[in-house]
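Trainee: The following file, final-v4.txt, comprises compact mmCIF, C-alpha atoms:
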```txt
# COMPACT_ATOMS: atom_id res chain seq x y z
CA MET Q 1 154.16 76.65 250.80
CA ASN Q 2 156.19 78.46 248.14
CA LEU Q 3 157.30 75.11 246.77
CA VAL Q 4 153.67 73.92 246.57
CA ASN Q 5 152.64 77.14 244.80
CA SER Q 6 155.49 76.75 242.34
CA ILE Q 7 154.46 73.20 241.58
CA LEU Q 8 150.82 74.26 241.08
CA SER Q 9 151.91 77.10 238.80
CA MET Q 10 154.03 74.72 236.74
CA ALA Q 11 151.13 72.28 236.51
CA LYS Q 12 148.85 75.00 235.11
CA ILE Q 13 151.20 75.79 232.24
CA SER Q 14 152.28 72.20 231.56
CA GLY Q 15 150.80 70.09 228.83
CA PHE Q 16 148.87 68.07 231.41
CA ALA Q 17 146.59 71.04 232.00
CA GLY Q 18 145.52 71.04 228.35
CA LEU Q 19 145.23 67.29 227.98
CA ASN Q 20 141.72 66.03 227.22
CA LEU Q 21 140.14 62.75 226.15
CA GLU Q 22 140.43 63.57 222.44
CA SER Q 23 144.14 64.35 222.77
CA VAL Q 24 144.75 61.11 224.68
CA ILE Q 25 142.94 59.10 221.99
CA MET Q 26 145.02 60.69 219.26
CA LEU Q 27 148.23 60.01 221.16
CA LEU Q 28 147.14 56.36 221.33
CA VAL Q 29 146.35 56.41 217.60
CA GLY Q 30 149.86 57.74 216.98
CA GLY Q 31 151.25 54.94 219.15
CA ILE Q 32 149.29 52.30 217.21
CA LEU Q 33 150.58 53.67 213.89
CA LEU Q 34 154.12 53.58 215.26
CA TYR Q 35 153.57 49.94 216.22
CA LEU Q 36 152.35 49.12 212.71
CA ALA Q 37 155.33 50.91 211.18
CA ILE Q 38 158.08 49.57 213.45
CA VAL Q 39 156.87 46.12 214.48
CA LYS Q 40 154.66 45.13 211.55
CA LYS Q 41 156.72 47.10 208.99
CA TYR Q 42 153.61 48.49 207.23
CA GLU Q 43 154.93 51.22 204.89
CA PRO Q 44 157.36 52.37 207.63
CA LEU Q 45 159.07 55.04 205.52
CA LEU Q 46 155.92 57.14 205.58
CA LEU Q 47 153.83 55.64 208.36
CA LEU Q 48 156.51 56.31 211.00
CA PRO Q 49 156.82 60.09 210.38
CA ILE Q 50 153.02 60.31 209.96
CA ALA Q 51 152.54 58.63 213.34
CA PHE Q 52 155.07 60.84 215.10
CA GLY Q 53 153.62 63.95 213.46
CA ALA Q 54 150.22 62.94 214.87
CA ILE Q 55 151.75 62.68 218.34
CA LEU Q 56 153.50 66.05 218.05
CA VAL Q 57 150.41 67.94 216.91
CA ASN Q 58 148.20 66.52 219.67
CA LEU Q 59 150.50 67.50 222.54
CA PRO Q 60 148.94 70.59 224.17
CA PHE Q 61 150.54 74.06 224.15
CA THR Q 62 153.47 73.19 221.86
CA GLY Q 63 152.67 75.96 219.38
CA LEU Q 64 153.89 73.79 216.51
CA MET Q 65 150.80 74.50 214.39
CA GLU Q 66 150.31 78.12 215.40
CA GLU Q 67 151.31 80.90 213.02
CA GLY Q 68 155.09 80.86 212.84
CA GLY Q 69 155.30 77.39 214.41
CA PHE Q 70 157.65 74.83 212.89
CA LEU Q 71 155.01 72.43 211.57
CA ASN Q 72 152.79 75.29 210.44
CA ILE Q 73 155.64 76.64 208.29
CA LEU Q 74 156.61 73.18 207.07
CA SER Q 75 153.00 72.48 206.04
CA PHE Q 76 153.49 75.00 203.22
CA GLY Q 77 155.06 72.11 201.32
CA ILE Q 78 151.82 70.12 201.43
CA HIS Q 79 149.27 72.85 200.93
CA HIS Q 80 151.19 74.31 197.97
CA GLU Q 81 151.93 71.02 196.13
CA LEU Q 82 155.69 71.05 196.78
CA PHE Q 83 156.25 67.81 198.71
CA PRO Q 84 153.91 65.45 196.78
CA ILE Q 85 155.31 66.62 193.44
CA LEU Q 86 158.92 66.21 194.56
CA ILE Q 87 158.02 62.68 195.69
CA PHE Q 88 156.88 62.00 192.13
CA MET Q 89 160.24 63.10 190.78
CA GLY Q 90 161.84 60.41 192.95
CA ILE Q 91 159.23 57.84 191.94
CA GLY Q 92 159.93 58.57 188.27
CA ALA Q 93 163.66 58.18 188.81
CA MET Q 94 163.11 54.78 190.46
CA THR Q 95 160.60 53.45 187.92
CA ASP Q 96 161.41 51.21 184.97
CA PHE Q 97 158.69 51.60 182.34
CA GLY Q 98 160.30 48.84 180.25
CA PRO Q 99 157.69 46.14 181.09
CA LEU Q 100 154.91 48.53 180.07
CA LEU Q 101 156.64 49.43 176.80
CA ALA Q 102 157.32 45.75 176.09
CA ASN Q 103 153.62 44.94 176.37
CA PRO Q 104 151.66 48.20 175.86
CA ILE Q 105 148.27 46.52 176.09
CA THR Q 106 148.83 46.20 179.84
CA PHE Q 107 148.35 49.96 180.04
CA LEU Q 108 144.63 49.18 179.74
CA LEU Q 109 144.86 47.10 182.90
CA GLY Q 110 146.22 50.11 184.77
CA ALA Q 111 143.28 52.15 183.48
CA ALA Q 112 140.73 49.45 184.40
CA ALA Q 113 142.12 49.33 187.94
CA GLN Q 114 140.87 52.88 188.47
CA LEU Q 115 137.32 51.52 188.76
CA GLY Q 116 137.40 51.84 192.53
CA VAL Q 117 138.17 55.55 192.28
CA PHE Q 118 134.85 56.26 190.60
CA VAL Q 119 132.88 53.78 192.74
CA ALA Q 120 134.18 55.53 195.87
CA ILE Q 121 133.32 58.98 194.49
CA ILE Q 122 129.73 57.93 193.91
CA GLY Q 123 129.54 56.28 197.33
CA ALA Q 124 131.03 59.33 199.07
CA VAL Q 125 128.50 61.67 197.48
CA LEU Q 126 125.64 59.35 198.44
CA ILE Q 127 126.62 59.38 202.12
CA GLY Q 128 126.94 63.13 202.38
CA PHE Q 129 130.40 64.30 201.27
CA ASP Q 130 130.51 67.16 198.79
CA ILE Q 131 131.83 66.39 195.33
CA ARG Q 132 135.31 67.85 195.96
CA GLU Q 133 135.76 65.80 199.13
CA ALA Q 134 134.39 62.73 197.32
CA ALA Q 135 136.96 63.15 194.54
CA ALA Q 136 139.81 63.30 197.06
CA ILE Q 137 138.48 60.21 198.87
CA GLY Q 138 138.08 58.29 195.60
CA ILE Q 139 141.78 58.51 194.76
CA ILE Q 140 142.44 56.17 197.70
CA GLY Q 141 141.20 53.44 195.34
CA GLY Q 142 144.30 53.91 193.22
CA ALA Q 143 146.48 52.90 196.20
CA ASP Q 144 148.65 55.93 195.52
CA GLY Q 145 149.57 57.85 198.67
CA PRO Q 146 151.31 60.89 197.12
CA THR Q 147 148.46 61.47 194.63
CA SER Q 148 145.89 61.12 197.43
CA ILE Q 149 147.76 63.73 199.46
CA TYR Q 150 148.18 66.02 196.44
CA LEU Q 151 144.47 65.98 195.58
CA ALA Q 152 143.27 66.18 199.19
CA ALA Q 153 145.51 69.20 199.88
CA LYS Q 154 143.95 71.03 196.95
CA MET Q 155 140.33 69.93 197.30
CA ALA Q 156 139.67 68.75 200.87
CA PRO Q 157 142.42 69.90 203.27
CA LYS Q 158 140.34 69.30 206.42
CA ILE Q 159 140.19 65.55 205.76
CA LEU Q 160 143.73 65.24 204.39
CA GLY Q 161 144.96 63.33 207.46
CA ALA Q 162 142.23 60.70 207.26
CA ILE Q 163 142.72 60.28 203.50
CA ALA Q 164 146.50 59.93 203.84
CA VAL Q 165 146.27 57.37 206.65
CA ALA Q 166 143.65 55.36 204.71
CA ALA Q 167 145.69 55.47 201.48
CA TYR Q 168 148.95 54.34 203.08
CA SER Q 169 147.21 51.77 205.27
CA TYR Q 170 145.65 50.07 202.28
CA MET Q 171 148.92 50.30 200.33
CA SER Q 172 150.60 48.42 203.15
CA LEU Q 173 147.77 45.88 203.35
CA VAL Q 174 147.92 44.94 199.65
CA PRO Q 175 149.27 41.43 200.49
CA LEU Q 176 146.26 40.82 202.73
CA ILE Q 177 143.45 42.48 200.76
CA GLN Q 178 144.21 41.49 197.20
CA PRO Q 179 144.78 37.68 197.23
CA PRO Q 180 141.21 36.72 198.30
CA ILE Q 181 139.76 38.96 195.56
CA MET Q 182 142.22 37.61 193.00
CA LYS Q 183 141.34 34.01 193.81
CA MET Q 184 137.60 34.74 193.86
CA PHE Q 185 137.56 36.05 190.29
CA THR Q 186 140.07 33.71 188.64
CA THR Q 187 140.22 29.93 188.30
CA ARG Q 188 143.18 27.85 189.40
CA GLU Q 189 143.84 26.93 185.77
CA GLN Q 190 143.99 30.62 184.83
CA ARG Q 191 146.38 31.36 187.69
CA LYS Q 192 148.69 28.63 186.37
CA ILE Q 193 149.14 30.35 182.99
CA VAL Q 194 152.80 31.04 182.19
CA MET Q 195 153.19 34.11 179.99
CA LYS Q 196 155.91 34.25 177.35
CA GLN Q 197 159.02 36.31 178.01
CA LEU Q 198 158.77 40.04 177.33
CA ARG Q 199 160.64 41.49 174.36
CA PRO Q 200 163.74 43.61 175.05
CA VAL Q 201 163.04 47.35 175.14
CA SER Q 202 165.60 49.63 173.50
CA LYS Q 203 167.26 52.59 175.18
CA THR Q 204 165.71 54.89 172.57
CA GLU Q 205 162.19 53.73 173.49
CA LYS Q 206 162.89 54.31 177.18
CA ILE Q 207 164.18 57.83 176.52
CA LEU Q 208 161.36 58.81 174.19
CA PHE Q 209 158.60 57.50 176.46
CA PRO Q 210 158.77 60.15 179.24
CA ILE Q 211 159.04 62.93 176.65
CA ILE Q 212 156.13 61.74 174.52
CA CYS Q 213 154.01 60.83 177.55
CA THR Q 214 154.44 64.30 179.07
CA ILE Q 215 153.54 66.10 175.85
CA PHE Q 216 150.60 63.81 175.01
CA VAL Q 217 149.04 63.81 178.48
CA GLY Q 218 149.81 67.50 178.97
CA LEU Q 219 147.99 68.51 175.80
CA ILE Q 220 144.96 66.37 176.61
CA LEU Q 221 144.82 67.03 180.35
CA PRO Q 222 146.93 70.04 181.42
CA ALA Q 223 145.91 69.69 185.10
CA SER Q 224 147.83 66.39 185.33
CA VAL Q 225 151.15 67.90 184.21
CA PRO Q 226 152.40 68.79 187.73
CA ILE Q 227 152.32 65.09 188.60
CA ILE Q 228 152.93 63.36 185.27
CA GLY Q 229 155.46 65.90 183.99
CA ILE Q 230 157.65 65.88 187.10
CA MET Q 231 157.47 62.08 187.35
CA MET Q 232 158.58 61.79 183.74
CA LEU Q 233 161.40 64.28 184.34
CA GLY Q 234 162.68 61.98 187.09
CA ASN Q 235 162.35 59.02 184.72
CA LEU Q 236 164.29 60.88 182.02
CA PHE Q 237 167.08 61.43 184.54
CA ARG Q 238 167.21 57.66 184.95
CA GLU Q 239 166.94 56.56 181.33
CA SER Q 240 169.12 59.20 179.66
CA MET Q 241 172.22 57.84 181.49
CA VAL Q 242 173.90 61.25 181.16
CA VAL Q 243 172.85 62.76 184.51
CA ASN Q 244 173.56 59.92 186.89
CA ARG Q 245 174.19 62.31 189.77
CA LEU Q 246 170.75 63.87 189.33
CA SER Q 247 169.14 60.44 189.01
CA ASP Q 248 170.87 59.17 192.15
CA THR Q 249 169.89 62.30 194.09
CA ALA Q 250 166.24 62.03 193.02
CA GLN Q 251 166.16 58.32 193.94
CA ASN Q 252 167.91 58.70 197.29
CA GLU Q 253 168.68 61.97 199.07
CA LEU Q 254 165.82 64.03 197.61
CA ILE Q 255 163.04 61.49 198.03
CA ASN Q 256 164.26 60.57 201.53
CA ILE Q 257 164.33 64.18 202.73
CA VAL Q 258 160.94 64.99 201.21
CA THR Q 259 159.46 61.79 202.66
CA ILE Q 260 160.45 62.92 206.17
CA PHE Q 261 158.81 66.33 205.68
CA LEU Q 262 155.75 64.97 203.87
CA GLY Q 263 155.03 62.27 206.44
CA THR Q 264 155.49 64.56 209.43
CA CYS Q 265 153.26 67.23 207.90
CA VAL Q 266 150.55 64.70 207.06
CA GLY Q 267 150.65 63.56 210.68
CA ALA Q 268 150.31 67.20 211.72
CA THR Q 269 146.94 67.35 209.93
CA MET Q 270 145.64 64.66 212.31
CA GLN Q 271 144.55 67.09 215.00
CA ALA Q 272 141.91 65.58 217.26
CA GLU Q 273 139.17 68.03 216.29
CA TYR Q 274 139.56 67.12 212.61
CA PHE Q 275 140.43 63.42 212.85
CA LEU Q 276 138.09 62.08 215.55
CA THR Q 277 134.91 62.37 213.52
CA VAL Q 278 132.35 60.09 211.93
CA GLU Q 279 133.68 61.30 208.58
CA THR Q 280 137.03 59.64 209.30
CA ILE Q 281 135.35 56.25 209.79
CA LYS Q 282 133.40 56.78 206.56
CA ILE Q 283 136.62 57.63 204.69
CA ILE Q 284 138.39 54.50 205.93
CA ILE Q 285 135.43 52.30 204.90
CA LEU Q 286 135.13 54.02 201.51
CA GLY Q 287 138.87 53.59 200.99
CA LEU Q 288 138.58 49.84 201.52
CA ILE Q 289 135.63 49.62 199.11
CA ALA Q 290 137.53 51.70 196.54
CA PHE Q 291 140.62 49.53 196.79
CA ALA Q 292 138.60 46.31 196.50
CA PHE Q 293 136.78 47.58 193.41
CA SER Q 294 140.06 48.73 191.82
CA THR Q 295 141.47 45.23 192.27
CA PHE Q 296 138.27 43.76 190.83
CA GLY Q 297 138.32 46.17 187.87
CA GLY Q 298 141.86 45.17 186.96
CA ILE Q 299 141.08 41.45 187.18
CA LEU Q 300 137.87 41.88 185.18
CA PHE Q 301 139.77 43.50 182.32
CA GLY Q 302 142.46 40.86 182.76
CA GLN Q 303 139.75 38.29 182.06
CA ILE Q 304 138.81 40.14 178.88
CA LEU Q 305 142.43 40.12 177.70
CA TYR Q 306 142.65 36.44 178.65
CA LYS Q 307 139.75 35.72 176.29
CA ILE Q 308 141.02 37.99 173.48
CA SER Q 309 144.54 36.52 173.64
CA GLY Q 310 143.26 32.96 173.53
CA GLY Q 311 144.42 32.22 177.06
CA LYS Q 312 147.94 33.66 176.72
CA ILE Q 313 147.48 36.45 179.29
CA ASN Q 314 147.20 35.51 182.95
CA PRO Q 315 144.30 37.62 184.37
CA LEU Q 316 146.10 37.84 187.73
CA ILE Q 317 148.30 40.64 186.41
CA GLY Q 318 145.21 42.86 186.18
CA ALA Q 319 145.15 43.15 189.97
CA SER Q 320 148.56 44.83 189.87
CA GLY Q 321 147.02 47.76 187.97
CA VAL Q 322 146.74 49.66 191.26
CA SER Q 323 149.57 52.08 192.00
CA ALA Q 324 151.22 50.26 194.90
CA VAL Q 325 154.58 49.75 193.17
CA PRO Q 326 156.06 47.13 193.28
CA MET Q 327 154.01 45.48 196.04
CA ALA Q 328 150.95 44.76 193.88
CA ALA Q 329 153.16 43.13 191.21
CA ARG Q 330 154.81 40.97 193.87
CA VAL Q 331 151.39 39.84 195.10
CA ALA Q 332 150.44 38.77 191.56
CA GLN Q 333 153.73 36.85 191.37
CA LYS Q 334 153.09 35.13 194.72
CA VAL Q 335 149.49 34.12 193.93
CA GLY Q 336 150.57 32.83 190.52
CA GLN Q 337 153.34 30.73 192.05
CA GLN Q 338 150.94 29.24 194.59
CA ALA Q 339 149.06 27.71 191.63
CA ASN Q 340 152.17 26.94 189.58
CA PRO Q 341 155.64 27.06 191.22
CA ARG Q 342 157.23 27.59 187.79
CA ASN Q 343 155.15 30.67 187.09
CA PHE Q 344 157.09 33.96 187.04
CA LEU Q 345 154.67 36.84 186.57
CA LEU Q 346 156.61 39.65 188.22
CA MET Q 347 157.86 41.45 185.11
CA HIS Q 348 154.52 40.98 183.35
CA ALA Q 349 152.73 42.41 186.39
CA MET Q 350 155.08 45.41 186.53
CA GLY Q 351 153.58 46.68 183.24
CA PRO Q 352 150.07 47.31 184.62
CA ASN Q 353 151.60 48.27 187.97
CA VAL Q 354 153.50 51.28 186.59
CA ALA Q 355 150.57 51.99 184.26
CA GLY Q 356 148.45 52.30 187.40
CA VAL Q 357 150.70 55.12 188.64
CA ILE Q 358 150.03 57.03 185.43
CA GLY Q 359 146.33 56.09 185.52
CA THR Q 360 145.81 57.43 189.05
CA ALA Q 361 147.64 60.66 188.19
CA VAL Q 362 145.44 61.09 185.12
CA ALA Q 363 142.32 60.40 187.23
CA ALA Q 364 143.46 63.12 189.63
CA GLY Q 365 143.97 65.48 186.70
CA VAL Q 366 140.41 64.77 185.51
CA MET Q 367 139.07 65.64 188.99
CA LEU Q 368 141.02 68.87 189.09
CA THR Q 369 139.90 69.84 185.59
CA LEU Q 370 136.23 69.19 186.25
CA LEU Q 371 135.91 70.39 189.84
CA GLN Q 372 138.27 73.34 190.33
```
Translate the structure described by the file into structure tokens.

Mentor:
Amino acid sequence: MNLVNSILSMAKISGFAGLNLESVIMLLVGGILLYLAIVKKYEPLLLLPIAFGAILVNLPFTGLMEEGGFLNILSFGIHHELFPILIFMGIGAMTDFGPLLANPITFLLGAAAQLGVFVAIIGAVLIGFDIREAAAIGIIGGADGPTSIYLAAKMAPKILGAIAVAAYSYMSLVPLIQPPIMKMFTTREQRKIVMKQLRPVSKTEKILFPIICTIFVGLILPASVPIIGIMMLGNLFRESMVVNRLSDTAQNELINIVTIFLGTCVGATMQAEYFLTVETIKIIILGLIAFAFSTFGGILFGQILYKISGGKINPLIGASGVSAVPMAARVAQKVGQQANPRNFLLMHAMGPNVAGVIGTAVAAGVMLTLLQ
């Protein structure tokens, strides 16, 4: 009898006693995300810790998210900007802005590819989200996970998990989502266009760019400096060639450590009571619409440049104006080569691709300036 009582007592304080349908569903969601990360290799560096964080936070009675709990303390890095901004330092250190500097007009393609951001904001407001939540949802259209997390943490923390999962899901699905849109709005003859080789970019230009960009953007839009400024600091580490240790650390150890913390904390926001809502479904649908319109906006402006240049610019590179670096540029390269095996668009597409990173950060700065 004592043994039976002991077993019953243990059962009452075990996690099984607190398990409910919502928790089980979220554990399954975590398992599905792990499958996508490990088996399908969809953005595994962030999707894997996000998935496991979702599992951890939905296990009953762990205390991880209670005051003083490990994940509760670690979440300071999300809710106070630390992790997303440090990610941008690493992104800056890994980014070569040379293709953009070699063909500055492609910066306009990165700006045009923000169309989906504003379409999603309007759509989100129309279906019942408040303007701050709508702004955070809209950034999904830029296909920029860290910026989505940064803005959601400041403006809509309760839906941060849904926004992060949507943003990284669509980043990973770029090779599936973009090609049909690219082919729909370009002709085969346009996709065959071979662009002339980019001019060499001097070391001086590469060093001056992050400095000038930070000052220029910072004076026009101070709210974007935490993202743009830190990203450009990382880029200056890379291009100056005098702090190789700092550049290597930002590109490797720092960004890897922060990615672990960021992903796990994002997963920890996916508590069943916040994630299993109709709003989550709406966010995922709006994210898809935003991403599709961003791709369309880039291609549309690519068509304008195609006309202005007399057919010298391949409009496909406009689709790479979203922030999924370098995946969107690789997709443009692949679609171009399907039409013309001798077509090498990768470096041309990298210009609007890195411009899209800046464009999404600026869009986030506009939201913060207008809505805070």

Trainee: Q:Leu27, Q:Leu71, Q:Ile137, Q:Ile308: which is nearest Q:Leu262, counting only C-alpha atoms?

Mentor: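 Distance minimum relative to Q:Leu262 lands on Q:Leu71.
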
Trainee: List the spatial neighbours of Q:Ala364 as an NGL selection string - criterion: any atom at most 10 Å away, all atoms listed in the file, same-chain residues fewer than 3 positions off excluded.

Mentor: :Q and (117 or 135-136 or 138-139 or 142 or 147-148 or 150-151 or 223-224 or 227 or 358-361 or 367-369)

Trainee: Could you write out the selected residues, including C-alpha atoms, as a short mmCIF file (atom, residue, chain, number, x, y, z; two decimals), keeping the file's coordinate frame?

Mentor:
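The resulting file, result36.cif, is reproduced below:
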```
data_model
loop_
_atom_site.label_atom_id
_atom_site.label_comp_id
_atom_site.auth_asym_id
_atom_site.auth_seq_id
_atom_site.Cartn_x
_atom_site.Cartn_y
_atom_site.Cartn_z
CA VAL Q 117 138.17 55.55 192.28
CA ALA Q 135 136.96 63.15 194.54
CA ALA Q 136 139.81 63.30 197.06
CA GLY Q 138 138.08 58.29 195.60
CA ILE Q 139 141.78 58.51 194.76
CA GLY Q 142 144.30 53.91 193.22
CA THR Q 147 148.46 61.47 194.63
CA SER Q 148 145.89 61.12 197.43
CA TYR Q 150 148.18 66.02 196.44
CA LEU Q 151 144.47 65.98 195.58
CA ALA Q 223 145.91 69.69 185.10
CA SER Q 224 147.83 66.39 185.33
CA ILE Q 227 152.32 65.09 188.60
CA ILE Q 358 150.03 57.03 185.43
CA GLY Q 359 146.33 56.09 185.52
CA THR Q 360 145.81 57.43 189.05
CA ALA Q 361 147.64 60.66 188.19
CA MET Q 367 139.07 65.64 188.99
CA LEU Q 368 141.02 68.87 189.09
CA THR Q 369 139.90 69.84 185.59
#
```

Trainee: Please provide the set of residues having any atom within 9 Å of Q:Gln251, restricted to all atoms listed in the file, with same-chain residues fewer than 2 positions apart removed, written as number ranges by chain.

Mentor: Q: 89-94, 234, 246-249, 253-256

Trainee: With the cut-off set at 6 Å and counting all atoms listed in the file, tabulate each residue of stretch 91-170 of chain Q with an atom at most that distance from an atom of stretch 285-299 of chain Q, showing the nearest atom pair and its distance in Å to one decimal, ordered by chain and increasing number, as a Markdown table.

Mentor:
```
| residue | atom | partner | partner_atom | distance |
| --- | --- | --- | --- | --- |
| Q:Leu109 | CA | Q:Gly298 | CA | 5.4 |
| Q:Ala112 | CA | Q:Gly298 | CA | 5.1 |
| Q:Ala113 | CA | Q:Gly298 | CA | 4.3 |
| Q:Gln114 | CA | Q:Ser294 | CA | 5.4 |
| Q:Leu115 | CA | Q:Ser294 | CA | 5.0 |
| Q:Gly116 | CA | Q:Ala290 | CA | 4.0 |
| Q:Val117 | CA | Q:Ala290 | CA | 5.8 |
| Q:Ala120 | CA | Q:Ala290 | CA | 5.1 |
| Q:Ile140 | CA | Q:Gly287 | CA | 5.5 |
| Q:Gly141 | CA | Q:Phe291 | CA | 4.2 |
```

Trainee: Please save C-alpha atoms of the selected residues as a compact mmCIF listing (two decimals), in the coordinates of the input.

Mentor:
```txt
# COMPACT_ATOMS: atom_id res chain seq x y z
CA LEU Q 109 144.86 47.10 182.90
CA ALA Q 112 140.73 49.45 184.40
CA ALA Q 113 142.12 49.33 187.94
CA GLN Q 114 140.87 52.88 188.47
CA LEU Q 115 137.32 51.52 188.76
CA GLY Q 116 137.40 51.84 192.53
CA VAL Q 117 138.17 55.55 192.28
CA ALA Q 120 134.18 55.53 195.87
CA ILE Q 140 142.44 56.17 197.70
CA GLY Q 141 141.20 53.44 195.34
```

Trainee: Which of these, Q:Pro84, Q:Gly302, Q:Gly321, Q:Gly31, has the shortest distance to Q:Gly356 once you count only C-alpha atoms?

Mentor: Q:Gly321

Trainee: Could you jot down the atom CA of Q:Gly263 to atom CA of Q:Leu45 separation for me, Å, one decimal place?

Mentor: 8.3 Å

Trainee: Just checking: using only C-alpha atoms, which residue out of Q:Ile163, Q:Ile211, Q:Ala152, Q:Val258 ends up closest to Q:Asn235?

Mentor: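 Nearest to Q:Asn235: Q:Ile211.
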
Trainee: Atom CA of Q:Leu82 and atom CA of Q:Ile122 are how many Å apart?

Mentor: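 Going from atom CA of Q:Leu82 over to atom CA of Q:Ile122, I get 29.2 Å.
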
Trainee: Which residues come within 9 Å of stretch 33-43 of chain Q, counting all atoms listed in the file, excluding same-chain residues fewer than 3 positions away, as a PyMOL selection string?

Mentor: chain Q and resi 28-30+46-52+168-169+171-173

Trainee: Work out how far atom CA of Q:Ile193 is from atom CA of Q:Ile313, in Å to one decimal.

Mentor: 7.3 Å

Trainee: Between Q:Gly267, Q:Pro180, Q:Pro146, Q:Pro104, which is the closest to Q:Leu56 once you count all atoms listed in the file?

Mentor: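 Ranking Q:Gly267, Q:Pro180, Q:Pro146, Q:Pro104 by distance to Q:Leu56, first place goes to Q:Gly267.
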